[in-house]
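Asker: So here's query22.cif (mmCIF, C-alpha atoms).
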```cif
data_structure
#
loop_
_atom_site.label_atom_id
_atom_site.label_comp_id
_atom_site.auth_asym_id
_atom_site.auth_seq_id
_atom_site.Cartn_x
_atom_site.Cartn_y
_atom_site.Cartn_z
CA MET Y 43 -32.57 -51.04 262.02
CA SER Y 44 -34.44 -47.92 260.96
CA PHE Y 45 -32.67 -45.32 258.90
CA PRO Y 46 -32.24 -41.75 260.19
CA THR Y 47 -35.04 -39.30 259.46
CA LEU Y 48 -34.68 -38.05 255.90
CA SER Y 49 -35.97 -34.93 254.21
CA ARG Y 50 -39.23 -34.31 256.04
CA ILE Y 51 -42.16 -33.85 253.69
CA ASN Y 52 -45.61 -32.60 254.62
CA LEU Y 53 -47.88 -35.31 253.29
CA ALA Y 54 -51.11 -33.35 253.56
CA LYS Y 55 -51.73 -33.27 249.83
CA SER Y 56 -54.01 -30.45 248.80
CA PRO Y 57 -56.95 -31.48 246.56
CA GLN Y 58 -56.73 -28.04 244.92
CA MET Y 59 -53.08 -28.44 244.02
CA ARG Y 60 -52.32 -26.72 240.74
CA ILE Y 61 -49.91 -28.55 238.47
CA PRO Y 62 -47.68 -26.02 236.70
CA GLU Y 63 -48.51 -25.73 233.00
CA GLU Y 64 -44.90 -26.36 232.02
CA PHE Y 65 -45.31 -30.02 232.99
CA SER Y 66 -48.46 -30.64 230.91
CA GLU Y 67 -46.69 -32.45 228.06
CA ILE Y 68 -44.65 -34.85 230.19
CA ARG Y 69 -46.59 -35.54 233.38
CA PRO Y 70 -48.99 -38.42 234.14
CA TYR Y 71 -52.72 -37.76 234.11
CA GLU Y 72 -54.30 -36.26 237.18
CA ALA Y 73 -57.54 -37.40 238.83
CA GLY Y 74 -59.82 -35.09 236.84
CA GLU Y 75 -58.40 -36.33 233.54
CA MET Y 76 -58.74 -40.07 234.04
CA LYS Y 77 -62.32 -40.54 232.82
CA GLN Y 78 -61.76 -38.76 229.52
CA ALA Y 79 -58.43 -40.55 229.01
CA PHE Y 80 -60.18 -43.88 229.51
CA GLU Y 81 -62.91 -43.01 226.99
CA ASP Y 82 -60.28 -41.88 224.48
CA LEU Y 83 -58.52 -45.21 225.01
CA LEU Y 84 -61.68 -47.18 224.29
CA ASN Y 85 -62.27 -45.15 221.12
CA ASP Y 86 -58.76 -45.77 219.80
CA ARG Y 87 -58.81 -48.16 216.83
CA GLN Y 88 -55.37 -49.66 217.48
CA PHE Y 89 -56.15 -50.21 221.16
CA ASN Y 90 -59.31 -52.08 220.17
CA VAL Y 91 -57.31 -54.29 217.83
CA VAL Y 92 -55.00 -55.17 220.73
CA MET Y 93 -57.90 -55.86 223.09
CA LYS Y 94 -59.63 -58.01 220.49
CA GLY Y 95 -56.58 -60.27 220.55
CA PHE Y 96 -57.28 -61.07 224.22
CA ALA Y 97 -60.96 -61.91 223.67
CA PRO Y 98 -61.69 -62.34 219.93
CA TRP Y 99 -65.08 -63.93 220.64
CA LEU Y 100 -66.42 -60.79 222.34
CA PRO Y 101 -68.01 -58.03 220.22
CA LYS Y 102 -66.40 -54.62 220.66
CA SER Y 103 -69.51 -53.16 222.32
CA VAL Y 104 -69.59 -55.95 224.91
CA ARG Y 105 -65.85 -55.81 225.53
CA ASN Y 106 -65.83 -52.04 226.03
CA GLY Y 107 -68.95 -52.25 228.15
CA LEU Y 108 -67.20 -54.66 230.49
CA LEU Y 109 -64.15 -52.40 230.64
CA ARG Y 110 -66.35 -49.41 231.50
CA LEU Y 111 -68.01 -51.43 234.24
CA ALA Y 112 -64.58 -52.39 235.63
CA PHE Y 113 -63.49 -48.74 235.46
CA LYS Y 114 -66.39 -47.57 237.61
CA GLY Y 115 -65.06 -45.91 240.76
CA VAL Y 116 -61.56 -45.37 239.33
CA GLU Y 117 -60.73 -41.71 239.89
CA THR Y 118 -56.94 -41.54 240.16
CA PRO Y 119 -53.93 -43.20 238.50
CA LEU Y 120 -53.36 -45.09 241.77
CA ASP Y 121 -56.93 -46.42 241.59
CA PHE Y 122 -56.23 -47.49 238.00
CA GLN Y 123 -53.08 -49.31 239.02
CA LYS Y 124 -54.80 -51.18 241.83
CA ARG Y 125 -57.89 -52.06 239.76
CA PHE Y 126 -56.30 -52.96 236.44
CA MET Y 127 -52.51 -53.20 236.63
CA LYS Y 128 -51.97 -55.00 239.94
CA PRO Y 129 -53.92 -58.12 238.88
CA VAL Y 130 -52.08 -58.17 235.54
CA VAL Y 131 -48.66 -57.86 237.19
CA LYS Y 132 -49.49 -60.51 239.79
CA TYR Y 133 -50.54 -62.82 236.93
CA ILE Y 134 -47.19 -62.20 235.20
CA ILE Y 135 -45.39 -63.01 238.46
CA ARG Y 136 -47.32 -66.29 238.80
CA LYS Y 137 -47.05 -67.27 235.15
CA HIS Y 138 -43.61 -66.06 234.10
CA THR Y 139 -41.44 -66.10 237.23
CA ASP Y 140 -40.62 -68.51 240.05
CA GLY Y 141 -41.51 -65.78 242.52
CA CYS Y 142 -40.82 -62.07 242.93
CA GLY Y 143 -39.58 -61.14 246.39
CA PHE Y 144 -38.82 -57.92 248.21
CA ASP Y 145 -36.07 -58.07 250.80
CA ASP Y 146 -38.28 -57.17 253.78
CA ALA Y 147 -35.29 -56.51 256.02
CA SER Y 148 -34.29 -53.59 253.83
CA ILE Y 149 -37.65 -52.11 252.82
CA ASN Y 150 -39.13 -52.28 256.31
CA ALA Y 151 -36.40 -49.95 257.58
CA TYR Y 152 -37.98 -47.11 255.61
CA ASP Y 153 -40.46 -44.58 256.93
CA LYS Y 154 -43.73 -45.19 255.07
CA ASN Y 155 -44.68 -41.57 255.68
CA GLN Y 156 -41.83 -40.44 253.46
CA ARG Y 157 -41.57 -40.37 249.68
CA TYR Y 158 -38.53 -41.72 247.87
CA THR Y 159 -36.78 -41.67 244.52
CA PHE Y 160 -35.75 -45.23 243.70
CA VAL Y 161 -32.74 -45.32 241.37
CA SER Y 162 -32.12 -48.86 240.19
CA ASN Y 163 -30.29 -51.04 237.76
CA HIS Y 164 -32.45 -51.77 234.72
CA ARG Y 165 -33.59 -55.25 233.78
CA ASP Y 166 -36.93 -54.77 232.02
CA ILE Y 167 -38.49 -51.81 230.22
CA VAL Y 168 -41.95 -52.38 231.68
CA LEU Y 169 -41.68 -54.66 234.70
CA ASP Y 170 -38.91 -53.04 236.76
CA SER Y 171 -41.32 -50.41 238.06
CA ALA Y 172 -44.45 -52.60 237.80
CA PHE Y 173 -43.03 -55.26 240.14
CA LEU Y 174 -41.90 -52.49 242.48
CA ASP Y 175 -45.42 -51.01 242.54
CA VAL Y 176 -46.96 -54.32 243.58
CA LYS Y 177 -44.34 -54.92 246.25
CA LEU Y 178 -44.76 -51.42 247.72
CA VAL Y 179 -48.51 -51.88 248.00
CA GLU Y 180 -48.12 -55.35 249.52
CA THR Y 181 -45.57 -54.00 252.02
CA GLY Y 182 -48.04 -51.37 253.22
CA TYR Y 183 -46.90 -48.25 251.40
CA PRO Y 184 -49.73 -45.78 250.73
CA THR Y 185 -48.71 -45.15 247.13
CA THR Y 186 -46.67 -46.58 244.27
CA VAL Y 187 -44.11 -44.86 242.01
CA GLU Y 188 -44.24 -42.48 239.11
CA ILE Y 189 -41.88 -43.68 236.41
CA GLY Y 190 -39.82 -42.16 233.63
CA ILE Y 191 -40.37 -43.83 230.24
CA GLY Y 192 -38.64 -42.88 227.00
CA ASP Y 193 -40.84 -41.41 224.30
CA ASN Y 194 -39.15 -43.74 221.80
CA LEU Y 195 -41.38 -46.49 223.24
CA LEU Y 196 -44.59 -44.46 222.93
CA ILE Y 197 -45.00 -45.25 219.26
CA TYR Y 198 -48.82 -45.25 219.26
CA PRO Y 199 -51.17 -42.70 220.88
CA TRP Y 200 -52.87 -45.45 222.90
CA ILE Y 201 -49.56 -46.51 224.47
CA LYS Y 202 -48.80 -42.95 225.55
CA ARG Y 203 -52.32 -42.57 226.94
CA LEU Y 204 -52.15 -45.87 228.81
CA VAL Y 205 -48.78 -45.19 230.45
CA ARG Y 206 -49.89 -41.70 231.51
CA MET Y 207 -52.88 -43.33 233.20
CA ASN Y 208 -50.36 -45.64 234.87
CA LYS Y 209 -48.34 -42.84 236.55
CA ALA Y 210 -45.66 -42.48 233.86
CA PHE Y 211 -43.93 -39.25 232.90
CA THR Y 212 -42.22 -38.88 229.56
CA VAL Y 213 -38.45 -38.86 229.03
CA ARG Y 214 -37.72 -37.23 225.69
CA ARG Y 215 -35.13 -38.97 223.49
CA GLY Y 216 -33.32 -38.19 220.25
CA LEU Y 217 -32.98 -34.44 220.80
CA SER Y 218 -30.28 -31.95 219.90
CA LEU Y 219 -27.79 -31.00 222.62
CA ARG Y 220 -29.65 -27.77 223.40
CA GLU Y 221 -33.04 -29.51 223.40
CA THR Y 222 -31.69 -32.29 225.61
CA LEU Y 223 -30.51 -29.76 228.19
CA ALA Y 224 -33.90 -28.02 228.26
CA ALA Y 225 -35.75 -31.36 228.46
CA SER Y 226 -33.50 -32.55 231.31
CA GLN Y 227 -34.08 -29.36 233.27
CA LEU Y 228 -37.84 -29.69 232.81
CA MET Y 229 -37.86 -33.33 233.84
CA SER Y 230 -35.74 -32.58 236.90
CA ARG Y 231 -38.09 -29.81 237.99
CA TYR Y 232 -41.00 -32.19 237.54
CA ILE Y 233 -39.37 -34.95 239.62
CA HIS Y 234 -38.69 -32.52 242.47
CA PHE Y 235 -42.28 -31.25 242.21
CA ALA Y 236 -43.66 -34.80 242.22
CA VAL Y 237 -41.74 -35.81 245.37
CA THR Y 238 -42.08 -32.62 247.39
CA GLN Y 239 -45.49 -31.31 246.30
CA LYS Y 240 -47.49 -34.20 244.84
CA LYS Y 241 -46.10 -36.54 247.51
CA GLU Y 242 -45.27 -39.26 245.01
CA ASN Y 243 -42.46 -41.80 244.90
CA ILE Y 244 -40.33 -41.88 241.76
CA TRP Y 245 -38.61 -44.75 239.97
CA ILE Y 246 -35.86 -44.01 237.47
CA ALA Y 247 -33.16 -46.18 235.92
CA GLN Y 248 -29.54 -45.53 236.86
CA ARG Y 249 -28.67 -44.98 233.19
CA GLU Y 250 -30.35 -44.29 229.88
CA GLY Y 251 -31.38 -47.68 228.51
CA ARG Y 252 -30.51 -51.10 229.88
CA ALA Y 253 -26.95 -52.28 230.41
CA LYS Y 254 -26.85 -54.89 227.66
CA ASP Y 255 -24.07 -56.81 229.42
CA SER Y 256 -25.56 -56.41 232.95
CA ASN Y 257 -22.53 -54.40 234.03
CA ASP Y 258 -24.72 -52.01 235.99
CA ARG Y 259 -23.22 -48.54 236.40
CA THR Y 260 -24.90 -45.31 237.45
CA GLN Y 261 -24.37 -42.53 234.93
CA ASP Y 262 -23.35 -39.39 236.75
CA ALA Y 263 -25.36 -37.58 234.04
CA VAL Y 264 -28.51 -39.03 235.61
CA LEU Y 265 -27.53 -37.60 238.99
CA LYS Y 266 -26.67 -34.24 237.44
CA MET Y 267 -30.10 -34.21 235.81
CA LEU Y 268 -31.77 -34.94 239.16
CA ALA Y 269 -29.83 -32.06 240.74
CA MET Y 270 -30.90 -29.52 238.11
CA GLY Y 271 -34.30 -29.04 239.75
CA GLY Y 272 -33.11 -28.67 243.33
CA ASP Y 273 -31.15 -30.26 246.16
CA LEU Y 274 -30.55 -34.00 245.75
CA LYS Y 275 -31.39 -34.47 249.41
CA GLU Y 276 -35.04 -33.54 249.02
CA LEU Y 277 -35.50 -36.46 246.60
CA ASN Y 278 -34.63 -39.06 249.27
CA ILE Y 279 -32.75 -41.17 246.72
CA VAL Y 280 -32.67 -44.92 247.40
CA PRO Y 281 -30.32 -47.26 245.48
CA LEU Y 282 -32.37 -50.29 244.44
CA THR Y 283 -31.04 -53.60 243.15
CA ILE Y 284 -33.15 -55.75 240.82
CA SER Y 285 -31.95 -59.34 240.34
CA TYR Y 286 -33.32 -61.72 237.70
CA GLU Y 287 -32.30 -65.35 237.71
CA TYR Y 288 -32.89 -65.47 233.95
CA ASP Y 289 -33.22 -62.53 231.56
CA PRO Y 290 -35.72 -63.44 228.83
CA CYS Y 291 -34.19 -60.77 226.58
CA ASP Y 292 -30.63 -62.13 226.89
CA TYR Y 293 -30.63 -63.59 223.37
CA LEU Y 294 -32.02 -60.34 221.91
CA LYS Y 295 -29.26 -58.37 223.63
CA ALA Y 296 -26.63 -60.80 222.36
CA GLN Y 297 -28.10 -60.55 218.86
CA GLU Y 298 -27.87 -56.75 219.05
CA PHE Y 299 -24.22 -57.02 220.10
CA GLN Y 300 -23.44 -58.96 216.93
CA GLN Y 301 -25.51 -56.64 214.76
CA LYS Y 302 -23.58 -53.62 216.08
CA ARG Y 303 -20.28 -55.47 215.75
CA ASP Y 304 -20.97 -56.33 212.12
CA ASN Y 305 -22.54 -52.97 211.30
CA PRO Y 306 -21.50 -50.09 213.59
CA ALA Y 307 -24.34 -47.98 212.16
CA PHE Y 308 -27.00 -50.51 213.21
CA LYS Y 309 -29.95 -49.07 215.16
CA LYS Y 310 -32.93 -50.90 216.57
CA SER Y 311 -36.28 -50.19 214.96
CA ARG Y 312 -39.43 -49.27 216.85
CA GLN Y 313 -40.65 -52.78 216.18
CA ASP Y 314 -37.46 -54.11 217.82
CA ASP Y 315 -38.32 -52.07 220.92
CA LEU Y 316 -41.83 -53.54 220.97
CA ASP Y 317 -40.44 -57.07 220.53
CA ASN Y 318 -38.11 -56.47 223.48
CA MET Y 319 -41.02 -55.24 225.60
CA LYS Y 320 -43.16 -58.27 224.71
CA THR Y 321 -40.33 -60.74 225.34
CA GLY Y 322 -39.43 -59.10 228.64
CA ILE Y 323 -43.00 -59.25 229.90
CA PHE Y 324 -43.97 -62.74 228.79
CA GLY Y 325 -40.59 -64.50 228.90
CA TYR Y 326 -39.44 -66.75 231.73
CA LYS Y 327 -37.49 -64.93 234.43
CA GLY Y 328 -36.93 -67.55 237.12
CA ARG Y 329 -36.59 -65.98 240.55
CA VAL Y 330 -36.76 -62.18 240.88
CA VAL Y 331 -35.53 -60.29 243.96
CA TYR Y 332 -35.70 -56.58 244.86
CA ARG Y 333 -33.35 -55.22 247.52
CA THR Y 334 -32.97 -51.62 248.73
CA ALA Y 335 -29.87 -50.04 250.23
CA ALA Y 336 -29.55 -47.19 252.72
CA PRO Y 337 -30.80 -43.87 251.29
CA ILE Y 338 -27.94 -41.75 250.01
CA ASN Y 339 -28.93 -38.99 252.44
CA THR Y 340 -27.34 -41.11 255.17
CA TRP Y 341 -23.88 -40.58 253.62
CA LEU Y 342 -24.20 -37.72 251.13
CA ASP Y 343 -22.65 -35.14 253.48
CA ASP Y 344 -19.44 -37.19 253.53
CA LEU Y 345 -18.76 -35.93 250.00
CA ASN Y 346 -19.33 -32.22 250.59
CA ASP Y 347 -15.63 -31.35 250.40
CA LEU Y 348 -15.29 -32.66 246.83
CA SER Y 349 -15.22 -30.37 243.84
CA LYS Y 350 -18.35 -30.21 241.72
CA ALA Y 351 -16.56 -32.13 238.98
CA ASP Y 352 -15.75 -35.00 241.36
CA TYR Y 353 -18.94 -34.90 243.44
CA PHE Y 354 -21.37 -36.60 241.06
CA LYS Y 355 -18.81 -39.18 240.02
CA ALA Y 356 -18.25 -40.07 243.68
CA VAL Y 357 -22.01 -40.28 244.35
CA ALA Y 358 -22.44 -42.57 241.33
CA GLU Y 359 -19.59 -44.84 242.43
CA ARG Y 360 -20.93 -45.15 245.95
CA MET Y 361 -24.43 -45.88 244.65
CA ASP Y 362 -22.96 -48.53 242.36
CA LYS Y 363 -21.31 -50.24 245.31
CA ALA Y 364 -24.63 -50.24 247.18
CA ILE Y 365 -26.46 -51.67 244.16
CA HIS Y 366 -23.78 -54.31 243.56
CA LYS Y 367 -23.88 -55.41 247.20
CA GLY Y 368 -27.62 -55.91 246.82
CA TYR Y 369 -27.47 -58.54 244.09
CA GLU Y 370 -29.20 -61.83 244.73
CA LEU Y 371 -26.81 -64.33 243.17
CA PHE Y 372 -28.07 -67.53 241.58
CA PRO Y 373 -26.24 -70.70 240.44
CA CYS Y 374 -26.28 -69.44 236.83
CA ASN Y 375 -24.15 -66.42 237.81
CA TYR Y 376 -21.43 -68.65 239.27
CA ILE Y 377 -21.63 -71.13 236.39
CA ALA Y 378 -21.35 -68.36 233.79
CA LEU Y 379 -18.23 -66.90 235.40
CA ASP Y 380 -16.56 -70.31 235.61
CA LYS Y 381 -17.38 -71.01 231.96
CA LEU Y 382 -15.90 -67.68 230.91
CA ASN Y 383 -12.75 -68.28 232.95
CA GLY Y 384 -12.47 -71.95 232.03
CA ASP Y 385 -12.17 -73.07 235.65
CA HIS Y 386 -14.25 -74.30 238.60
CA ALA Y 387 -13.42 -71.57 241.11
CA ASN Y 388 -17.06 -71.10 242.09
CA CYS Y 389 -18.20 -74.72 241.94
CA ALA Y 390 -19.21 -74.69 245.62
CA HIS Y 391 -22.18 -72.53 244.61
CA TYR Y 392 -23.77 -74.92 242.12
CA THR Y 393 -24.39 -78.59 241.47
CA ASP Y 394 -23.94 -80.72 238.37
CA ALA Y 395 -27.72 -80.53 237.93
CA ASP Y 396 -27.57 -76.72 238.05
CA LYS Y 397 -24.83 -76.75 235.44
CA LEU Y 398 -26.79 -79.05 233.11
CA CYS Y 399 -29.93 -76.94 233.52
CA PHE Y 400 -28.10 -73.73 232.67
CA GLU Y 401 -26.38 -75.30 229.66
CA GLN Y 402 -29.75 -76.44 228.32
CA TYR Y 403 -31.18 -72.96 228.91
CA LEU Y 404 -28.23 -71.34 227.15
CA SER Y 405 -28.56 -73.63 224.11
CA ALA Y 406 -32.29 -72.89 223.87
CA GLN Y 407 -31.72 -69.12 224.00
CA LEU Y 408 -28.98 -69.26 221.36
CA ALA Y 409 -31.30 -71.27 219.12
CA LYS Y 410 -33.74 -68.36 219.10
CA ILE Y 411 -31.21 -66.14 217.29
CA THR Y 412 -31.77 -66.29 213.53
CA LEU Y 413 -29.12 -63.94 212.15
CA PRO Y 414 -27.91 -64.92 208.65
CA ASP Y 415 -24.24 -64.88 209.72
CA LYS Y 416 -24.77 -66.18 213.22
CA ASP Y 417 -21.54 -66.18 215.22
CA GLU Y 418 -22.43 -68.67 217.92
CA PRO Y 419 -19.15 -68.53 219.93
CA PHE Y 420 -19.44 -64.72 220.10
CA LEU Y 421 -23.13 -64.83 221.01
CA ARG Y 422 -22.48 -67.47 223.67
CA GLU Y 423 -19.71 -65.36 225.22
CA ARG Y 424 -22.02 -62.33 225.27
CA ILE Y 425 -24.77 -64.17 227.13
CA LEU Y 426 -22.33 -65.71 229.60
CA THR Y 427 -20.93 -62.24 230.28
CA MET Y 428 -24.43 -60.96 231.06
CA TYR Y 429 -24.80 -63.58 233.78
CA ALA Y 430 -21.23 -63.30 235.08
CA ASN Y 431 -21.09 -59.51 235.51
CA PRO Y 432 -23.38 -59.26 238.57
CA LEU Y 433 -21.12 -61.75 240.35
CA ILE Y 434 -17.96 -59.94 239.20
CA ASN Y 435 -19.30 -56.64 240.51
CA TYR Y 436 -20.50 -58.23 243.76
CA GLN Y 437 -17.09 -59.76 244.40
CA ALA Y 438 -15.41 -56.42 243.74
CA CYS Y 439 -17.39 -54.62 246.49
#
```
Any chance you could give the structure as structure tokens?

Answerer:
Amino acid sequence: MSFPTLSRINLAKSPQMRIPEEFSEIRPYEAGEMKQAFEDLLNDRQFNVVMKGFAPWLPKSVRNGLLRLAFKGVETPLDFQKRFMKPVVKYIIRKHTDGCGFDDASINAYDKNQRYTFVSNHRDIVLDSAFLDVKLVETGYPTTVEIGIGDNLLIYPWIKRLVRMNKAFTVRRGLSLRETLAASQLMSRYIHFAVTQKKENIWIAQREGRAKDSNDRTQDAVLKMLAMGGDLKELNIVPLTISYEYDPCDYLKAQEFQQKRDNPAFKKSRQDDLDNMKTGIFGYKGRVVYRTAAPINTWLDDLNDLSKADYFKAVAERMDKAIHKGYELFPCNYIALDKLNGDHANCAHYTDADKLCFEQYLSAQLAKITLPDKDEPFLRERILTMYANPLINYQAC
């Protein structure tokens, strides 16, 4: 079933399009900036240290020469993604998952001539949008997504440069209340500009940061931010559900729960953020499934009679229901809920072998936590809750 026609966008993108100067500090690179950005990347000392780790036997001049050769013909961020990022992401899918699938029944209902703003639950800092990019290209979409990434993760100049080459715009963190308002307004204007003028898709998480316990809820503040720059309808918002069989960062999230319990003032360091990124990318994820729901434009008018105060809350709740209905549920979700409840209410959804496999996985993840005052029962409960919550939310729909 195809969805009704959404906000109609003229996709004849002008090559002379002028990007407003106000977006210069947060937007991705444009076509005319890619070559210089690439050269700056190759001349960055820290970037070269990272690249040396992948091929320590190659001299820098040879390594950079090969990269320049591979870059030949890359003119746009989309070219860069297809040439460099797509092979890397497909390798990660082969090496660190048991398959990454897109629910074709849902995505094929969309008009490929339209541009969309995908608002999803958040499982991985880097891969949520990267997997989506690959799946959009494989499904026949003409472009990928621009993504919002927090500047707290851009701790080195080469990282900021690389993500801007990869169609990322910057989300500013750690600001005063007044600065946050101004930054939100700017970002909202940029998102509207990207969808309606640049003809780009957008991916953004449903909340700031990941839900550590996998209790995925859309912050109405995110929707209010999106509405600052114009009508929500012109963004063609699509609720997107991302399901991981196993979360490689589950033990890090559990560890953080204990650290915050034992020290309410605890804050992750920048190195912690990098460790999370590395673990999320290279850790085992099992099966991964992406599933889209009907665009909110198909039901948004139903809420027009609500007060402004209630409107965004109602939109968020309805989006949550759509995201929760989209979960792909795995044996580990049912096992985790039964373990938490101390019963076998969901035993029809798993076997004894599934249960043994998950118990072994859980023990291995807990063993990775090296806190000095390790509270294993607490940490175990936290990880079980992460796997049970998608099922709890699905059953509540």

Asker: Assuming the chain letters and numbering stay as they are in my file, what does the PyMOL selection byres ((chain Y and resi 420-433) around 10) actually select? List them as a ChimeraX atom specification.

Answerer: /Y:253-258,285-289,292-300,365-382,404-405,407-408,411,416-419,434-438

Asker: Any idea what's packed within 9 Å of Y:Leu228, counting only C-alpha atoms, ignoring anything in its chain fewer than 4 positions away? Could you give it as a VMD selection string?

Answerer: chain Y and resid 64 to 65 68 223 to 224 232 to 233 270 to 271

Asker: Using all atoms listed in the file, what does the table of stretch 143-215 of chain Y residues within 7 Å of stretch 116-138 of chain Y look like, with each row giving the shortest atom pair and its distance in Å to one decimal, sorted by chain and ascending number, as CSV?

Answerer:
```
residue,atom,partner,partner_atom,distance
Y:Ala172,CA,Y:Val131,CA,6.8
Y:Phe173,CA,Y:Val131,CA,6.9
Y:Val176,CA,Y:Lys128,CA,6.2
Y:Met207,CA,Y:Pro119,CA,5.4
Y:Asn208,CA,Y:Pro119,CA,5.6
Y:Lys209,CA,Y:Pro119,CA,5.9
```

Asker: Rounded to one decimal in Å, what is the spacing between atom CA of Y:Glu72 and atom CA of Y:Leu174?

Answerer: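 About the pair atom CA of Y:Glu72 and atom CA of Y:Leu174: they are 21.1 Å apart.
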
Asker: Could you pull the residues within 12 Å of Y:Phe89, counting all atoms listed in the file, minus those fewer than 3 positions along the same chain, as a JSON list (two decimals) with C-alpha atoms, in the frame of the given file?

Answerer:
```
[["chain", "number", "residue", "atom", "x", "y", "z"],
["Y", 80, "PHE", "CA", -60.18, -43.88, 229.51],
["Y", 81, "GLU", "CA", -62.91, -43.01, 226.99],
["Y", 82, "ASP", "CA", -60.28, -41.88, 224.48],
["Y", 83, "LEU", "CA", -58.52, -45.21, 225.01],
["Y", 84, "LEU", "CA", -61.68, -47.18, 224.29],
["Y", 85, "ASN", "CA", -62.27, -45.15, 221.12],
["Y", 86, "ASP", "CA", -58.76, -45.77, 219.80],
["Y", 92, "VAL", "CA", -55.00, -55.17, 220.73],
["Y", 93, "MET", "CA", -57.90, -55.86, 223.09],
["Y", 94, "LYS", "CA", -59.63, -58.01, 220.49],
["Y", 95, "GLY", "CA", -56.58, -60.27, 220.55],
["Y", 96, "PHE", "CA", -57.28, -61.07, 224.22],
["Y", 102, "LYS", "CA", -66.40, -54.62, 220.66],
["Y", 106, "ASN", "CA", -65.83, -52.04, 226.03],
["Y", 198, "TYR", "CA", -48.82, -45.25, 219.26],
["Y", 199, "PRO", "CA", -51.17, -42.70, 220.88],
["Y", 200, "TRP", "CA", -52.87, -45.45, 222.90],
["Y", 201, "ILE", "CA", -49.56, -46.51, 224.47],
["Y", 202, "LYS", "CA", -48.80, -42.95, 225.55],
["Y", 203, "ARG", "CA", -52.32, -42.57, 226.94],
["Y", 204, "LEU", "CA", -52.15, -45.87, 228.81]]
```

Asker: Looking at all atoms listed in the file, which of Y:Leu268, Y:Leu169, Y:Val213, Y:Ala73 is the one that sits closest to Y:Gly322?

Answerer: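 Closest candidate: Y:Leu169.
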
Asker: I would like the residues chosen by the PyMOL selection byres ((chain Y and resi 62) around 12) on the shown file; could you give them as a PyMOL selection string?

Answerer: chain Y and resi 59-61+63-69+228+231-232+235-236+239-240

Asker: Give me the residues near Y:Ser311 as a ChimeraX atom specification, where near means some atom within 12 Å (using only C-alpha atoms) and where sequence neighbours in that chain fewer than 2 positions away do not count.

Answerer: /Y:194-195,197,298,308-309,313-318

Asker: The PyMOL selection byres ((chain Y and resi 341-343) around 12) - which residues does that actually catch in the file I just gave you? List them as a ChimeraX atom specification.

Answerer: /Y:45-46,48,273-276,278-280,335-340,344-348,353-354,356-358,360-361,364

Asker: Can I get the selection written as a PDB file, keeping the file's coordinate frame, with C-alpha atoms?

Answerer:
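What ended up in out39.pdb:
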```pdb
ATOM      1  CA  PHE Y  45     -32.670 -45.320 258.900  1.00  0.00           C
ATOM      2  CA  PRO Y  46     -32.240 -41.750 260.190  1.00  0.00           C
ATOM      3  CA  LEU Y  48     -34.680 -38.050 255.900  1.00  0.00           C
ATOM      4  CA  ASP Y 273     -31.150 -30.260 246.160  1.00  0.00           C
ATOM      5  CA  LEU Y 274     -30.550 -34.000 245.750  1.00  0.00           C
ATOM      6  CA  LYS Y 275     -31.390 -34.470 249.410  1.00  0.00           C
ATOM      7  CA  GLU Y 276     -35.040 -33.540 249.020  1.00  0.00           C
ATOM      8  CA  ASN Y 278     -34.630 -39.060 249.270  1.00  0.00           C
ATOM      9  CA  ILE Y 279     -32.750 -41.170 246.720  1.00  0.00           C
ATOM     10  CA  VAL Y 280     -32.670 -44.920 247.400  1.00  0.00           C
ATOM     11  CA  ALA Y 335     -29.870 -50.040 250.230  1.00  0.00           C
ATOM     12  CA  ALA Y 336     -29.550 -47.190 252.720  1.00  0.00           C
ATOM     13  CA  PRO Y 337     -30.800 -43.870 251.290  1.00  0.00           C
ATOM     14  CA  ILE Y 338     -27.940 -41.750 250.010  1.00  0.00           C
ATOM     15  CA  ASN Y 339     -28.930 -38.990 252.440  1.00  0.00           C
ATOM     16  CA  THR Y 340     -27.340 -41.110 255.170  1.00  0.00           C
ATOM     17  CA  ASP Y 344     -19.440 -37.190 253.530  1.00  0.00           C
ATOM     18  CA  LEU Y 345     -18.760 -35.930 250.000  1.00  0.00           C
ATOM     19  CA  ASN Y 346     -19.330 -32.220 250.590  1.00  0.00           C
ATOM     20  CA  ASP Y 347     -15.630 -31.350 250.400  1.00  0.00           C
ATOM     21  CA  LEU Y 348     -15.290 -32.660 246.830  1.00  0.00           C
ATOM     22  CA  TYR Y 353     -18.940 -34.900 243.440  1.00  0.00           C
ATOM     23  CA  PHE Y 354     -21.370 -36.600 241.060  1.00  0.00           C
ATOM     24  CA  ALA Y 356     -18.250 -40.070 243.680  1.00  0.00           C
ATOM     25  CA  VAL Y 357     -22.010 -40.280 244.350  1.00  0.00           C
ATOM     26  CA  ALA Y 358     -22.440 -42.570 241.330  1.00  0.00           C
ATOM     27  CA  ARG Y 360     -20.930 -45.150 245.950  1.00  0.00           C
ATOM     28  CA  MET Y 361     -24.430 -45.880 244.650  1.00  0.00           C
ATOM     29  CA  ALA Y 364     -24.630 -50.240 247.180  1.00  0.00           C
TER      30      ALA Y 364
END
```

Asker: Please provide the set of residues having any atom within 9 Å of Y:Leu178, restricted to all atoms listed in the file, with same-chain residues fewer than 5 positions apart removed, written as a ChimeraX atom specification.

Answerer: /Y:144,149,173,183-187

Asker: Kindly list the centre and edge lengths in Å, rounded to one decimal, for the axis-aligned box that covers all listed atoms of stretch 367-379 of chain Y plus 8 Å on each of its six sides, as JSON.

Answerer:
```
{"center_x": -23.7, "center_y": -63.3, "center_z": 240.5, "size_x": 27.0, "size_y": 31.7, "size_z": 29.4}
```
